[in-house]
file input-v3.pdb (PDB, C-alpha atoms, pLDDT in the B column)
MODEL        1
ATOM      1  CA  MET S   1       2.029 -11.317  31.862  1.00 63.00           C
ATOM      2  CA  TRP S   2       5.609 -12.043  30.730  1.00 67.00           C
ATOM      3  CA  ASN S   3       4.415 -14.947  28.553  1.00 71.00           C
ATOM      4  CA  ALA S   4       2.173 -12.552  26.589  1.00 74.00           C
ATOM      5  CA  ARG S   5       5.300 -11.590  24.662  1.00 73.00           C
ATOM      6  CA  LEU S   6       5.046 -14.982  22.939  1.00 77.00           C
ATOM      7  CA  PHE S   7       2.244 -13.580  20.766  1.00 83.00           C
ATOM      8  CA  ILE S   8       5.103 -11.950  18.845  1.00 87.00           C
ATOM      9  CA  ILE S   9       5.858 -15.399  17.398  1.00 90.00           C
ATOM     10  CA  LEU S  10       2.840 -14.946  15.115  1.00 92.00           C
ATOM     11  CA  ALA S  11       4.403 -11.816  13.595  1.00 90.00           C
ATOM     12  CA  VAL S  12       7.755 -13.602  13.323  1.00 92.00           C
ATOM     13  CA  ILE S  13       6.310 -16.624  11.510  1.00 94.00           C
ATOM     14  CA  LEU S  14       4.124 -14.596   9.157  1.00 95.00           C
ATOM     15  CA  SER S  15       6.988 -12.210   8.354  1.00 94.00           C
ATOM     16  CA  LEU S  16       9.164 -15.203   7.465  1.00 95.00           C
ATOM     17  CA  VAL S  17       6.382 -16.644   5.288  1.00 97.00           C
ATOM     18  CA  GLY S  18       5.936 -13.277   3.561  1.00 96.00           C
ATOM     19  CA  SER S  19       9.684 -13.013   3.024  1.00 96.00           C
ATOM     20  CA  ILE S  20       9.888 -16.487   1.505  1.00 97.00           C
ATOM     21  CA  LEU S  21       6.932 -15.750  -0.776  1.00 97.00           C
ATOM     22  CA  LEU S  22       8.536 -12.527  -1.986  1.00 96.00           C
ATOM     23  CA  PHE S  23      11.832 -14.314  -2.654  1.00 97.00           C
ATOM     24  CA  ILE S  24       9.967 -16.959  -4.679  1.00 97.00           C
ATOM     25  CA  VAL S  25       7.944 -14.411  -6.684  1.00 97.00           C
ATOM     26  CA  ALA S  26      11.023 -12.288  -7.441  1.00 96.00           C
ATOM     27  CA  SER S  27      12.965 -15.371  -8.534  1.00 97.00           C
ATOM     28  CA  ILE S  28      10.120 -16.448 -10.815  1.00 97.00           C
ATOM     29  CA  ASP S  29      10.093 -12.937 -12.314  1.00 94.00           C
ATOM     30  CA  ILE S  30      13.825 -13.254 -13.086  1.00 95.00           C
ATOM     31  CA  ILE S  31      13.239 -16.669 -14.693  1.00 95.00           C
ATOM     32  CA  LYS S  32      10.409 -15.190 -16.800  1.00 93.00           C
ATOM     33  CA  ALA S  33      12.726 -12.352 -17.874  1.00 91.00           C
ATOM     34  CA  ALA S  34      15.347 -14.916 -18.918  1.00 92.00           C
ATOM     35  CA  LYS S  35      12.692 -16.781 -20.906  1.00 91.00           C
ATOM     36  CA  GLN S  36      11.595 -13.566 -22.631  1.00 89.00           C
ATOM     37  CA  THR S  37      15.221 -12.767 -23.455  1.00 88.00           C
ATOM     38  CA  TYR S  38      15.650 -16.194 -25.011  1.00 89.00           C
ATOM     39  CA  LEU S  39      12.410 -15.816 -26.989  1.00 87.00           C
ATOM     40  CA  TYR S  40      13.523 -12.393 -28.204  1.00 86.00           C
ATOM     41  CA  TYR S  41      16.830 -13.661 -29.528  1.00 84.00           C
ATOM     42  CA  VAL S  42      15.264 -16.631 -31.305  1.00 85.00           C
ATOM     43  CA  ASP S  43      12.793 -14.207 -32.945  1.00 78.00           C
ATOM     44  CA  THR S  44       9.592 -15.601 -31.429  1.00 78.00           C
ATOM     45  CA  LEU S  45       8.745 -12.744 -29.050  1.00 70.00           C
ATOM     46  CA  GLY S  46       7.465 -10.385 -31.703  1.00 70.00           C
ATOM     47  CA  ALA S  47       8.836  -7.703 -33.964  1.00 70.00           C
ATOM     48  CA  GLY S  48       7.763  -4.723 -31.834  1.00 73.00           C
ATOM     49  CA  ALA S  49       9.161  -6.015 -28.525  1.00 74.00           C
ATOM     50  CA  ASP S  50      11.876  -3.994 -26.825  1.00 79.00           C
ATOM     51  CA  ILE S  51      13.853  -6.546 -24.825  1.00 81.00           C
ATOM     52  CA  HIS S  52      15.930  -3.862 -23.086  1.00 82.00           C
ATOM     53  CA  ASN S  53      12.852  -2.239 -21.579  1.00 81.00           C
ATOM     54  CA  ILE S  54      11.268  -5.590 -20.706  1.00 82.00           C
ATOM     55  CA  LEU S  55      14.454  -6.887 -19.105  1.00 87.00           C
ATOM     56  CA  LEU S  56      15.245  -3.722 -17.136  1.00 85.00           C
ATOM     57  CA  ASN S  57      11.723  -3.393 -15.767  1.00 85.00           C
ATOM     58  CA  SER S  58      11.516  -7.070 -14.815  1.00 89.00           C
ATOM     59  CA  ILE S  59      14.866  -7.110 -13.057  1.00 90.00           C
ATOM     60  CA  ILE S  60      14.308  -3.816 -11.238  1.00 88.00           C
ATOM     61  CA  MET S  61      10.903  -4.990 -10.010  1.00 89.00           C
ATOM     62  CA  ALA S  62      12.507  -8.247  -8.832  1.00 92.00           C
ATOM     63  CA  ILE S  63      15.230  -6.329  -6.971  1.00 90.00           C
ATOM     64  CA  ASP S  64      12.527  -4.275  -5.271  1.00 88.00           C
ATOM     65  CA  LEU S  65      10.751  -7.479  -4.195  1.00 92.00           C
ATOM     66  CA  TYR S  66      14.030  -8.930  -2.907  1.00 93.00           C
ATOM     67  CA  LEU S  67      14.657  -5.799  -0.832  1.00 89.00           C
ATOM     68  CA  ILE S  68      11.163  -5.916   0.666  1.00 91.00           C
ATOM     69  CA  ALA S  69      11.728  -9.612   1.416  1.00 93.00           C
ATOM     70  CA  VAL S  70      14.933  -8.664   3.226  1.00 90.00           C
ATOM     71  CA  VAL S  71      12.980  -6.057   5.236  1.00 89.00           C
ATOM     72  CA  LEU S  72      10.551  -8.760   6.354  1.00 91.00           C
ATOM     73  CA  LEU S  73      13.421 -11.120   7.157  1.00 91.00           C
ATOM     74  CA  ILE S  74      15.247  -8.529   9.270  1.00 87.00           C
ATOM     75  CA  PHE S  75      11.956  -7.645  10.959  1.00 88.00           C
ATOM     76  CA  ALA S  76      11.256 -11.296  11.814  1.00 90.00           C
ATOM     77  CA  PHE S  77      14.759 -11.936  13.154  1.00 86.00           C
ATOM     78  CA  GLY S  78      14.727  -8.680  15.103  1.00 86.00           C
ATOM     79  CA  LEU S  79      11.375  -9.347  16.740  1.00 87.00           C
ATOM     80  CA  TYR S  80      12.443 -12.873  17.627  1.00 88.00           C
ATOM     81  CA  GLU S  81      15.734 -11.697  19.093  1.00 85.00           C
ATOM     82  CA  LEU S  82      14.145  -8.852  21.061  1.00 84.00           C
ATOM     83  CA  PHE S  83      11.051 -10.566  22.439  1.00 81.00           C
ATOM     84  CA  ILE S  84      11.450 -14.362  22.320  1.00 82.00           C
ATOM     85  CA  ALA S  85      15.046 -15.533  22.650  1.00 79.00           C
ATOM     86  CA  LYS S  86      18.590 -14.733  21.573  1.00 77.00           C
ATOM     87  CA  ILE S  87      19.590 -16.347  18.292  1.00 71.00           C
ATOM     88  CA  GLU S  88      22.836 -18.222  18.771  1.00 71.00           C
ATOM     89  CA  VAL S  89      25.206 -17.867  15.845  1.00 64.00           C
ATOM     90  CA  LYS S  90      27.426 -20.908  15.205  1.00 49.00           C
ATOM     91  CA  ASP S  91      30.458 -18.979  14.010  1.00 53.00           C
ATOM     92  CA  GLU S  92      31.102 -15.643  15.696  1.00 58.00           C
ATOM     93  CA  SER S  93      33.238 -14.416  12.787  1.00 53.00           C
ATOM     94  CA  GLN S  94      30.238 -14.338  10.442  1.00 64.00           C
ATOM     95  CA  SER S  95      28.413 -11.162   9.509  1.00 63.00           C
ATOM     96  CA  LYS S  96      26.241  -9.688  12.209  1.00 66.00           C
ATOM     97  CA  VAL S  97      23.598  -8.296   9.860  1.00 66.00           C
ATOM     98  CA  LEU S  98      20.759 -10.020  11.690  1.00 66.00           C
ATOM     99  CA  GLU S  99      22.132  -9.396  15.177  1.00 69.00           C
ATOM    100  CA  ILE S 100      19.809  -6.936  16.910  1.00 75.00           C
ATOM    101  CA  HIS S 101      19.965  -5.937  20.577  1.00 75.00           C
ATOM    102  CA  THR S 102      17.622  -2.947  20.804  1.00 82.00           C
ATOM    103  CA  LEU S 103      14.477  -1.704  19.141  1.00 81.00           C
ATOM    104  CA  ASP S 104      16.452   1.288  17.829  1.00 82.00           C
ATOM    105  CA  GLN S 105      18.900  -1.050  16.049  1.00 79.00           C
ATOM    106  CA  LEU S 106      15.950  -2.852  14.454  1.00 80.00           C
ATOM    107  CA  LYS S 107      14.437   0.453  13.318  1.00 81.00           C
ATOM    108  CA  ASP S 108      17.757   1.652  11.881  1.00 80.00           C
ATOM    109  CA  LYS S 109      18.334  -1.539   9.908  1.00 78.00           C
ATOM    110  CA  LEU S 110      14.774  -1.554   8.606  1.00 80.00           C
ATOM    111  CA  ALA S 111      14.939   2.119   7.654  1.00 80.00           C
ATOM    112  CA  LYS S 112      18.125   1.633   5.628  1.00 78.00           C
ATOM    113  CA  VAL S 113      16.696  -1.289   3.662  1.00 81.00           C
ATOM    114  CA  ILE S 114      13.386   0.503   3.126  1.00 81.00           C
ATOM    115  CA  VAL S 115      15.218   3.564   1.794  1.00 80.00           C
ATOM    116  CA  MET S 116      17.102   1.311  -0.632  1.00 79.00           C
ATOM    117  CA  ALA S 117      13.797  -0.237  -1.768  1.00 80.00           C
ATOM    118  CA  LEU S 118      12.385   3.251  -2.326  1.00 80.00           C
ATOM    119  CA  ILE S 119      15.451   4.215  -4.357  1.00 80.00           C
ATOM    120  CA  VAL S 120      15.002   1.143  -6.540  1.00 80.00           C
ATOM    121  CA  ALA S 121      11.299   2.000  -6.983  1.00 78.00           C
ATOM    122  CA  PHE S 122      12.301   5.561  -7.908  1.00 80.00           C
ATOM    123  CA  PHE S 123      14.801   4.210 -10.434  1.00 77.00           C
ATOM    124  CA  SER S 124      12.049   2.075 -11.964  1.00 75.00           C
ATOM    125  CA  LYS S 125       9.774   5.111 -12.335  1.00 76.00           C
ATOM    126  CA  VAL S 126      12.586   7.189 -13.845  1.00 75.00           C
ATOM    127  CA  LEU S 127      13.258   4.528 -16.477  1.00 72.00           C
ATOM    128  CA  ASN S 128       9.651   4.718 -17.641  1.00 71.00           C
ATOM    129  CA  MET S 129       9.473   8.507 -17.498  1.00 73.00           C
ATOM    130  CA  GLY S 130       9.796  10.458 -20.682  1.00 73.00           C
ATOM    131  CA  MET S 131      11.838  13.647 -20.544  1.00 73.00           C
ATOM    132  CA  LYS S 132       9.847  16.186 -22.533  1.00 79.00           C
ATOM    133  CA  THR S 133      10.924  19.559 -21.203  1.00 82.00           C
ATOM    134  CA  SER S 134      13.952  21.137 -19.610  1.00 83.00           C
ATOM    135  CA  GLN S 135      11.917  21.373 -16.411  1.00 84.00           C
ATOM    136  CA  ASP S 136      11.663  17.564 -16.400  1.00 79.00           C
ATOM    137  CA  MET S 137      15.451  17.369 -16.605  1.00 79.00           C
ATOM    138  CA  LEU S 138      15.814  19.888 -13.785  1.00 84.00           C
ATOM    139  CA  PHE S 139      13.435  17.954 -11.526  1.00 82.00           C
ATOM    140  CA  PHE S 140      15.256  14.754 -12.423  1.00 79.00           C
ATOM    141  CA  ALA S 141      18.616  16.284 -11.468  1.00 81.00           C
ATOM    142  CA  ILE S 142      17.206  17.668  -8.198  1.00 86.00           C
ATOM    143  CA  SER S 143      15.727  14.291  -7.288  1.00 83.00           C
ATOM    144  CA  ILE S 144      19.046  12.510  -7.948  1.00 81.00           C
ATOM    145  CA  LEU S 145      20.857  15.122  -5.838  1.00 85.00           C
ATOM    146  CA  SER S 146      18.294  14.688  -3.050  1.00 85.00           C
ATOM    147  CA  LEU S 147      18.774  10.919  -3.096  1.00 80.00           C
ATOM    148  CA  ALA S 148      22.548  11.290  -2.956  1.00 81.00           C
ATOM    149  CA  VAL S 149      22.401  13.735  -0.038  1.00 84.00           C
ATOM    150  CA  GLY S 150      19.900  11.526   1.772  1.00 79.00           C
ATOM    151  CA  LEU S 151      22.103   8.462   1.355  1.00 77.00           C
ATOM    152  CA  TYR S 152      25.126  10.421   2.549  1.00 81.00           C
ATOM    153  CA  PHE S 153      23.373  11.390   5.789  1.00 79.00           C
ATOM    154  CA  LEU S 154      21.889   7.923   6.209  1.00 73.00           C
ATOM    155  CA  HIS S 155      25.315   6.281   6.089  1.00 72.00           C
ATOM    156  CA  LYS S 156      27.296   9.117   7.681  1.00 73.00           C
ATOM    157  CA  ASP S 157      27.156   7.627  11.172  1.00 65.00           C
ATOM    158  CA  SER S 158      27.484   4.008  10.014  1.00 61.00           C
ATOM    159  CA  LYS S 159      30.504   2.056  11.140  1.00 58.00           C
ATOM    160  CA  HIS S 160      31.547   0.369   7.891  1.00 51.00           C
TER
ENDMDL
END

call {"tool": "encode", "arguments": {"input": "input-v3.pdb", "output": "structure tokens"}}
result
Amino acid sequence: MWNARLFIILAVILSLVGSILLFIVASIDIIKAAKQTYLYYVDTLGAGADIHNILLNSIIMAIDLYLIAVVLLIFAFGLYELFIAKIEVKDESQSKVLEIHTLDQLKDKLAKVIVMALIVAFFSKVLNMGMKTSQDMLFFAISILSLAVGLYFLHKDSKH
């Protein structure tokens, strides 16, 4: 029965593969954004192109992909550490970001990174949102305040 825990290795491997794929896709998106920036400044992108909007959206989407890749990476390391074997770190003075001893620690680390990914996704939506009424501005201000309060409580008990 104890060896049944080794089925977790499938989730670990596939999470690592997913993480690597997301890192690759996000990096390619950044390279494409750099290419579009170059084409804009050599006047071959087109007269109606808004490089600021293109660049911001591309980079924010890439950051979101990087954060989701980090979630998968933390998940893979956490599952491995909890169910398969302890990961020996060569130098004990290094960061202990991937060091996980309990399922609650894994959940906390994942939740914090997921919240950051959601904030980046929110930021992306806000950039593309047009403010038409004063009510839009009010909702925008309330949402920013809610994010700030949420982040405060999320990091309130952190030890950093």

call {"tool": "resolve_selection", "arguments": {"input": "input-v3.pdb", "expression": "the PyMOL selection byres ((chain S and resi 9) around 12)", "output": "VMD selection string"}}
result
chain S and resid 3 to 8 10 to 16 75 to 85

call {"tool": "closest_residue", "arguments": {"input": "input-v3.pdb", "among": "S:Ala49, S:Ala141, S:Leu147, S:Leu22", "to": "S:Thr37", "atoms": "all atoms listed in the file"}}
result
S:Ala49

call {"tool": "resolve_selection", "arguments": {"input": "input-v3.pdb", "expression": "the PyMOL selection byres ((chain S and resi 113) around 12)", "output": "number ranges by chain"}}
result
S: 63-75, 97, 106-112, 114-120, 151, 154-155

call {"tool": "resolve_selection", "arguments": {"input": "input-v3.pdb", "expression": "the PyMOL selection byres ((chain S and resi 26) around 9)", "output": "MDAnalysis selection string"}}
result
chainID S and resid 21:25 27:31 59 61:66

call {"tool": "write_last_selection", "arguments": {"input": "input-v3.pdb", "atoms": "C-alpha atoms", "output": "compact mmCIF listing (two decimals), keeping the file's coordinate frame"}}
result
# COMPACT_ATOMS: atom_id res chain seq x y z
CA LEU S 21 6.93 -15.75 -0.78
CA LEU S 22 8.54 -12.53 -1.99
CA PHE S 23 11.83 -14.31 -2.65
CA ILE S 24 9.97 -16.96 -4.68
CA VAL S 25 7.94 -14.41 -6.68
CA SER S 27 12.96 -15.37 -8.53
CA ILE S 28 10.12 -16.45 -10.82
CA ASP S 29 10.09 -12.94 -12.31
CA ILE S 30 13.82 -13.25 -13.09
CA ILE S 31 13.24 -16.67 -14.69
CA ILE S 59 14.87 -7.11 -13.06
CA MET S 61 10.90 -4.99 -10.01
CA ALA S 62 12.51 -8.25 -8.83
CA ILE S 63 15.23 -6.33 -6.97
CA ASP S 64 12.53 -4.28 -5.27
CA LEU S 65 10.75 -7.48 -4.20
CA TYR S 66 14.03 -8.93 -2.91

call {"tool": "atom_distance", "arguments": {"input": "input-v3.pdb", "atom1": "atom CA of S:Ile54", "atom2": "atom CA of S:Tyr40"}}
result
10.4 Å

call {"tool": "decode", "arguments": {"input": "input-v3.pdb", "residues": "stretch 96-143 of chain S", "atoms": "N, CA and C atoms", "output": "mmCIF file, in the first residue's frame"}}
result
data_model
loop_
_atom_site.group_PDB
_atom_site.id
_atom_site.type_symbol
_atom_site.label_atom_id
_atom_site.label_comp_id
_atom_site.auth_asym_id
_atom_site.auth_seq_id
_atom_site.Cartn_x
_atom_site.Cartn_y
_atom_site.Cartn_z
ATOM 1 N N LYS S 96 14.749 29.113 0.488
ATOM 2 C CA LYS S 96 13.983 27.910 0.783
ATOM 3 C C LYS S 96 12.582 28.017 0.188
ATOM 4 N N VAL S 97 12.477 28.623 -0.981
ATOM 5 C CA VAL S 97 11.186 28.822 -1.622
ATOM 6 C C VAL S 97 10.519 27.490 -1.924
ATOM 7 N N LEU S 98 11.288 26.519 -2.380
ATOM 8 C CA LEU S 98 10.716 25.238 -2.768
ATOM 9 C C LEU S 98 10.740 24.207 -1.643
ATOM 10 N N GLU S 99 11.142 24.604 -0.459
ATOM 11 C CA GLU S 99 11.168 23.686 0.671
ATOM 12 C C GLU S 99 9.775 23.618 1.289
ATOM 13 N N ILE S 100 9.181 22.430 1.261
ATOM 14 C CA ILE S 100 7.817 22.244 1.737
ATOM 15 C C ILE S 100 7.784 21.009 2.631
ATOM 16 N N HIS S 101 7.237 21.182 3.849
ATOM 17 C CA HIS S 101 7.204 20.077 4.802
ATOM 18 C C HIS S 101 5.800 19.551 5.068
ATOM 19 N N THR S 102 4.781 20.384 4.837
ATOM 20 C CA THR S 102 3.411 19.950 5.082
ATOM 21 C C THR S 102 2.523 20.341 3.905
ATOM 22 N N LEU S 103 1.378 19.700 3.845
ATOM 23 C CA LEU S 103 0.417 20.030 2.795
ATOM 24 C C LEU S 103 -0.094 21.461 2.947
ATOM 25 N N ASP S 104 -0.198 21.934 4.188
ATOM 26 C CA ASP S 104 -0.633 23.322 4.419
ATOM 27 C C ASP S 104 0.379 24.326 3.878
ATOM 28 N N GLN S 105 1.678 24.043 4.022
ATOM 29 C CA GLN S 105 2.704 24.918 3.448
ATOM 30 C C GLN S 105 2.577 24.961 1.933
ATOM 31 N N LEU S 106 2.341 23.801 1.319
ATOM 32 C CA LEU S 106 2.173 23.744 -0.134
ATOM 33 C C LEU S 106 0.962 24.569 -0.558
ATOM 34 N N LYS S 107 -0.150 24.426 0.152
ATOM 35 C CA LYS S 107 -1.350 25.189 -0.175
ATOM 36 C C LYS S 107 -1.116 26.683 -0.022
ATOM 37 N N ASP S 108 -0.431 27.089 1.041
ATOM 38 C CA ASP S 108 -0.163 28.517 1.255
ATOM 39 C C ASP S 108 0.696 29.101 0.144
ATOM 40 N N LYS S 109 1.751 28.391 -0.228
ATOM 41 C CA LYS S 109 2.627 28.894 -1.290
ATOM 42 C C LYS S 109 1.894 28.968 -2.616
ATOM 43 N N LEU S 110 1.106 27.939 -2.915
ATOM 44 C CA LEU S 110 0.337 27.950 -4.159
ATOM 45 C C LEU S 110 -0.685 29.078 -4.161
ATOM 46 N N ALA S 111 -1.364 29.275 -3.041
ATOM 47 C CA ALA S 111 -2.389 30.311 -2.969
ATOM 48 C C ALA S 111 -1.797 31.691 -3.215
ATOM 49 N N LYS S 112 -0.625 31.958 -2.642
ATOM 50 C CA LYS S 112 -0.004 33.273 -2.818
ATOM 51 C C LYS S 112 0.366 33.518 -4.272
ATOM 52 N N VAL S 113 0.908 32.513 -4.944
ATOM 53 C CA VAL S 113 1.294 32.696 -6.343
ATOM 54 C C VAL S 113 0.056 32.797 -7.229
ATOM 55 N N ILE S 114 -0.974 32.027 -6.912
ATOM 56 C CA ILE S 114 -2.211 32.100 -7.691
ATOM 57 C C ILE S 114 -2.854 33.469 -7.543
ATOM 58 N N VAL S 115 -2.852 34.015 -6.335
ATOM 59 C CA VAL S 115 -3.405 35.361 -6.126
ATOM 60 C C VAL S 115 -2.620 36.380 -6.953
ATOM 61 N N MET S 116 -1.300 36.245 -6.992
ATOM 62 C CA MET S 116 -0.504 37.166 -7.811
ATOM 63 C C MET S 116 -0.851 37.017 -9.292
ATOM 64 N N ALA S 117 -1.061 35.790 -9.760
ATOM 65 C CA ALA S 117 -1.452 35.576 -11.155
ATOM 66 C C ALA S 117 -2.809 36.209 -11.438
ATOM 67 N N LEU S 118 -3.730 36.108 -10.487
ATOM 68 C CA LEU S 118 -5.042 36.733 -10.659
ATOM 69 C C LEU S 118 -4.942 38.259 -10.684
ATOM 70 N N ILE S 119 -4.039 38.809 -9.883
ATOM 71 C CA ILE S 119 -3.846 40.258 -9.886
ATOM 72 C C ILE S 119 -3.291 40.714 -11.230
ATOM 73 N N VAL S 120 -2.354 39.954 -11.772
ATOM 74 C CA VAL S 120 -1.808 40.295 -13.088
ATOM 75 C C VAL S 120 -2.899 40.194 -14.153
ATOM 76 N N ALA S 121 -3.736 39.158 -14.081
ATOM 77 C CA ALA S 121 -4.846 39.022 -15.035
ATOM 78 C C ALA S 121 -5.825 40.190 -14.889
ATOM 79 N N PHE S 122 -6.085 40.604 -13.656
ATOM 80 C CA PHE S 122 -6.950 41.759 -13.415
ATOM 81 C C PHE S 122 -6.345 43.011 -14.030
ATOM 82 N N PHE S 123 -5.044 43.194 -13.831
ATOM 83 C CA PHE S 123 -4.347 44.351 -14.397
ATOM 84 C C PHE S 123 -4.468 44.363 -15.921
ATOM 85 N N SER S 124 -4.355 43.192 -16.532
ATOM 86 C CA SER S 124 -4.496 43.091 -17.984
ATOM 87 C C SER S 124 -5.890 43.517 -18.436
ATOM 88 N N LYS S 125 -6.916 43.083 -17.704
ATOM 89 C CA LYS S 125 -8.289 43.459 -18.052
ATOM 90 C C LYS S 125 -8.518 44.961 -17.868
ATOM 91 N N VAL S 126 -7.940 45.522 -16.809
ATOM 92 C CA VAL S 126 -8.104 46.947 -16.535
ATOM 93 C C VAL S 126 -7.476 47.781 -17.643
ATOM 94 N N LEU S 127 -6.321 47.335 -18.157
ATOM 95 C CA LEU S 127 -5.670 48.084 -19.226
ATOM 96 C C LEU S 127 -6.536 48.176 -20.475
ATOM 97 N N ASN S 128 -7.320 47.138 -20.725
ATOM 98 C CA ASN S 128 -8.145 47.102 -21.929
ATOM 99 C C ASN S 128 -9.551 47.643 -21.702
ATOM 100 N N MET S 129 -9.838 48.037 -20.462
ATOM 101 C CA MET S 129 -11.164 48.530 -20.126
ATOM 102 C C MET S 129 -11.240 50.030 -20.391
ATOM 103 N N GLY S 130 -12.298 50.436 -20.975
ATOM 104 C CA GLY S 130 -12.501 51.866 -21.192
ATOM 105 C C GLY S 130 -13.346 52.461 -20.074
ATOM 106 N N MET S 131 -12.884 53.534 -19.493
ATOM 107 C CA MET S 131 -13.637 54.218 -18.447
ATOM 108 C C MET S 131 -14.606 55.179 -19.119
ATOM 109 N N LYS S 132 -15.901 54.880 -19.019
ATOM 110 C CA LYS S 132 -16.891 55.705 -19.699
ATOM 111 C C LYS S 132 -17.713 56.546 -18.731
ATOM 112 N N THR S 133 -17.930 56.030 -17.539
ATOM 113 C CA THR S 133 -18.769 56.753 -16.589
ATOM 114 C C THR S 133 -18.040 56.898 -15.258
ATOM 115 N N SER S 134 -18.595 57.721 -14.410
ATOM 116 C CA SER S 134 -18.016 57.874 -13.071
ATOM 117 C C SER S 134 -18.207 56.597 -12.259
ATOM 118 N N GLN S 135 -19.237 55.833 -12.577
ATOM 119 C CA GLN S 135 -19.454 54.558 -11.903
ATOM 120 C C GLN S 135 -18.322 53.573 -12.237
ATOM 121 N N ASP S 136 -17.841 53.612 -13.471
ATOM 122 C CA ASP S 136 -16.694 52.780 -13.850
ATOM 123 C C ASP S 136 -15.476 53.129 -13.002
ATOM 124 N N MET S 137 -15.249 54.414 -12.806
ATOM 125 C CA MET S 137 -14.119 54.856 -11.983
ATOM 126 C C MET S 137 -14.291 54.416 -10.531
ATOM 127 N N LEU S 138 -15.511 54.494 -10.020
ATOM 128 C CA LEU S 138 -15.778 54.070 -8.657
ATOM 129 C C LEU S 138 -15.515 52.573 -8.486
ATOM 130 N N PHE S 139 -16.028 51.770 -9.418
ATOM 131 C CA PHE S 139 -15.786 50.327 -9.355
ATOM 132 C C PHE S 139 -14.301 50.005 -9.493
ATOM 133 N N PHE S 140 -13.620 50.759 -10.319
ATOM 134 C CA PHE S 140 -12.176 50.574 -10.481
ATOM 135 C C PHE S 140 -11.447 50.857 -9.167
ATOM 136 N N ALA S 141 -11.807 51.955 -8.511
ATOM 137 C CA ALA S 141 -11.182 52.317 -7.238
ATOM 138 C C ALA S 141 -11.494 51.280 -6.160
ATOM 139 N N ILE S 142 -12.716 50.789 -6.118
ATOM 140 C CA ILE S 142 -13.100 49.773 -5.129
ATOM 141 C C ILE S 142 -12.332 48.470 -5.386
ATOM 142 N N SER S 143 -12.166 48.114 -6.632
ATOM 143 C CA SER S 143 -11.444 46.873 -6.936
ATOM 144 C C SER S 143 -9.967 46.994 -6.559
#
